[in-house]
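The structure under discussion appears below in the form of structure tokens.
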Amino acid sequence: MQAHAYHSGMASPHTTVAALLVQARARIDPIDAEWLLLHVLGKPRSWLFAHADDALTDTQAARFDALLVRREAGEPVAYITGSRGFWTLELAVSPATLIPRPETELLVEQALERLPAGRALRIADLGTGSGAIALALAKERPQAQVVATDASPEALAIAQHNALHNHIGNVEFHLGSWLQALPGDAFDLITSNPPYIADGDPHLDQGDLRFEPAMALSCGPDGLNAIRTIVRDAPAHLRPGGWLLLEHGLDQGGAVRALLESAAYVDIATVQDLEQRDRVTLGRIPQGGSCPPSLRSHAPAAIAPSAG
Ligand code: GLN
């Protein structure tokens with residue numbers, strides 16, 4: 001083999017940012033290619049615009065190629081880089097945690113609408129994974145106390161790391177399954193993005209889902225086992241008028257509303273994401289007292305009419 005004209009660590013003319021990205025974009029999704037290159041270089045996204053002609057060292061180019069090979073083999077970008085942005089936070093993720101999805105920000109928005117600022121509210125996030133929902137709510141409501149639970153010690157360790165790394169101090173972490181892990185009762189609001197895909201669903205064998213923790217994805221023949229448990233057990237941990245908000249599958253809005261109705265929740269509604277797909281269903285336990293259901297406050301106008 002011809003002797004290499006460049007010392008290791010020095011730039012070769014074929015390894016400019018622009019040239020490497022052209023090659024990489026032919027192999028994997030173009031945006032993924034950019035994220036992986038920025039990860040190798042330790043640069044923010046904004047750096048790319050002004051540095052297309054910068055050269056990578058041979059070592060950097062080789063590291064980039066190794067990451068492209070992993071992505072070509074299907075590994076999710078977030079597991080390769082070890083992080084994913086969610087809300088205003090940068091979160092560490094690992095194969096022990098679900099990768100936070102942008103659509104889950106809808107759950108955060110809906111929760112915040114029901115959490116007046118400046119009050120010492122008690123909030124719980126069940127099955128927190130990387131801590132995405134719990135940490136977003138804790139950051140937006142610094143006077144609230146948030147409890148994040150997970151049945152996976154590895155996931156809980158990542159969530160704790162994310163709290164420290166994002167300087168969020170008003171979250172405590174408890175190991176255990178759904179409501180069993182909660183210390184005490186009288187929460188003002190409980191959220192969860194539980195597993196909701198049906199066992200054996202063919203999507204589990206496709207794309208990023210193949211690499212994500214099965215316990216965070218699927219749950220029972222109709223995918224609703226975790227949601228059934230949470231709907232059943234949450235009232236004992238909510239104060240009168242307290243809210244339960246659940247993310248679920250696109251075809252599960254009707255089923256989740258029916259579960260909430262049969263457990264005597266009120267103000268039940270399904271909220272749709274930006275693409276008009278059922279995504280979050282919520283309800284609250286009655287305020288108590290003699291106020292008939294017809295006079296209770298109606299769900300905010302932002303809630304889209306739920307699909308039958
Ligand atoms: N929304 C995820 C997906 O379908 C599933 C996450 C979950 O089960 N909570 O890719």
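Each chain in the structure tokens gets a letter, A, B and so on, in the order shown; residues start at 1 in every chain, and ligands are counted from 1 in the order they appear.
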* Residues up to 6 Å from ligand 1, counting only C-alpha atoms and all ligand atoms: could you list those as number ranges by chain? => A: 193-197, 216-218
File dump, residues just selected, N, CA and C atoms, as a PDB file, in the first residue's frame:
```pdb
ATOM      1  N   ASN A 193     -45.706   8.518  30.227  1.00  0.00           N
ATOM      2  CA  ASN A 193     -45.609   8.022  28.853  1.00  0.00           C
ATOM      3  C   ASN A 193     -45.226   6.555  28.990  1.00  0.00           C
ATOM      4  N   PRO A 194     -46.223   5.707  29.251  1.00  0.00           N
ATOM      5  CA  PRO A 194     -45.916   4.304  29.557  1.00  0.00           C
ATOM      6  C   PRO A 194     -45.738   3.506  28.266  1.00  0.00           C
ATOM      7  N   PRO A 195     -45.315   2.250  28.366  1.00  0.00           N
ATOM      8  CA  PRO A 195     -45.348   1.401  27.168  1.00  0.00           C
ATOM      9  C   PRO A 195     -46.794   1.239  26.727  1.00  0.00           C
ATOM     10  N   TYR A 196     -47.041   1.328  25.419  1.00  0.00           N
ATOM     11  CA  TYR A 196     -48.434   1.173  24.964  1.00  0.00           C
ATOM     12  C   TYR A 196     -48.555   0.441  23.635  1.00  0.00           C
ATOM     13  N   ILE A 197     -47.461  -0.109  23.145  1.00  0.00           N
ATOM     14  CA  ILE A 197     -47.527  -0.871  21.890  1.00  0.00           C
ATOM     15  C   ILE A 197     -47.932  -2.311  22.243  1.00  0.00           C
ATOM     16  N   ALA A 216     -40.133  -0.517  27.983  1.00  0.00           N
ATOM     17  CA  ALA A 216     -40.616   0.862  27.803  1.00  0.00           C
ATOM     18  C   ALA A 216     -41.530   0.992  26.593  1.00  0.00           C
ATOM     19  N   LEU A 217     -41.668  -0.083  25.828  1.00  0.00           N
ATOM     20  CA  LEU A 217     -42.398   0.018  24.561  1.00  0.00           C
ATOM     21  C   LEU A 217     -43.729  -0.721  24.571  1.00  0.00           C
ATOM     22  N   SER A 218     -43.701  -2.003  24.937  1.00  0.00           N
ATOM     23  CA  SER A 218     -44.899  -2.824  24.733  1.00  0.00           C
ATOM     24  C   SER A 218     -45.409  -3.368  26.049  1.00  0.00           C
TER      25      SER A 218
END
```
* Apply DSSP to the structure's backbone, then extract all residues of range 116-280 of chain A labelled strand (DSSP E) and return them as a PyMOL selection string. => chain A and resi 122-126+145-150+171-175+187-192+238-247+266-272+278-280
* To do: Using backbone DSSP assignments, extract all alpha helix (DSSP H) residues from range 210-279 of chain A; output them as a ChimeraX atom specification.
  => /A:214-217,225-233,253-262
For C-alpha atoms, I'd like the residues from the last selection saved as a short mmCIF file (atom, residue, chain, number, x, y, z; two decimals), in the first residue's frame.
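Once everything was written out, this is again.cif:
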```cif
data_model
loop_
_atom_site.label_atom_id
_atom_site.label_comp_id
_atom_site.auth_asym_id
_atom_site.auth_seq_id
_atom_site.Cartn_x
_atom_site.Cartn_y
_atom_site.Cartn_z
CA ALA A 214 -38.89 -3.65 25.46
CA MET A 215 -40.25 -2.77 28.93
CA ALA A 216 -40.62 0.86 27.80
CA LEU A 217 -42.40 0.02 24.56
CA ASN A 225 -51.82 -3.13 30.51
CA ALA A 226 -49.67 -0.37 31.99
CA ILE A 227 -52.32 2.26 31.27
CA ARG A 228 -54.96 0.08 32.98
CA THR A 229 -52.79 -0.21 36.09
CA ILE A 230 -52.07 3.52 36.20
CA VAL A 231 -55.73 4.52 35.65
CA ARG A 232 -56.80 2.10 38.40
CA ASP A 233 -54.18 3.11 40.99
CA GLY A 253 -57.81 7.50 22.50
CA GLY A 254 -61.25 5.90 22.71
CA ALA A 255 -60.01 2.99 24.81
CA VAL A 256 -58.16 5.24 27.27
CA ARG A 257 -61.16 7.58 27.64
CA ALA A 258 -63.34 4.53 28.34
CA LEU A 259 -60.92 3.35 31.03
CA LEU A 260 -60.97 6.79 32.69
CA GLU A 261 -64.78 6.95 32.49
CA SER A 262 -65.22 3.55 34.09
#
```
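Among A:Ala138, A:Leu115, A:Leu121, A:Ala234, the residue with the shortest atom-to-atom distance to Ala181 in chain A, counting only C-alpha atoms, is A:Ala234.
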* One-decimal distance in Å that lies between CA of Ala132 in chain A and CA of Asp251 in chain A -> 23.6 Å
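For the residues A:Glu140, A:Asp188, A:Asp32, A:Asp199, ranking by smallest atom-to-atom distance to Glu72 in chain A using only C-alpha atoms places A:Asp32 first.
Using only C-alpha atoms, the smallest distance between any of A:Leu36, A:Lys43, A:Glu75, A:Ala26 and Arg210 in chain A comes from A:Glu75.
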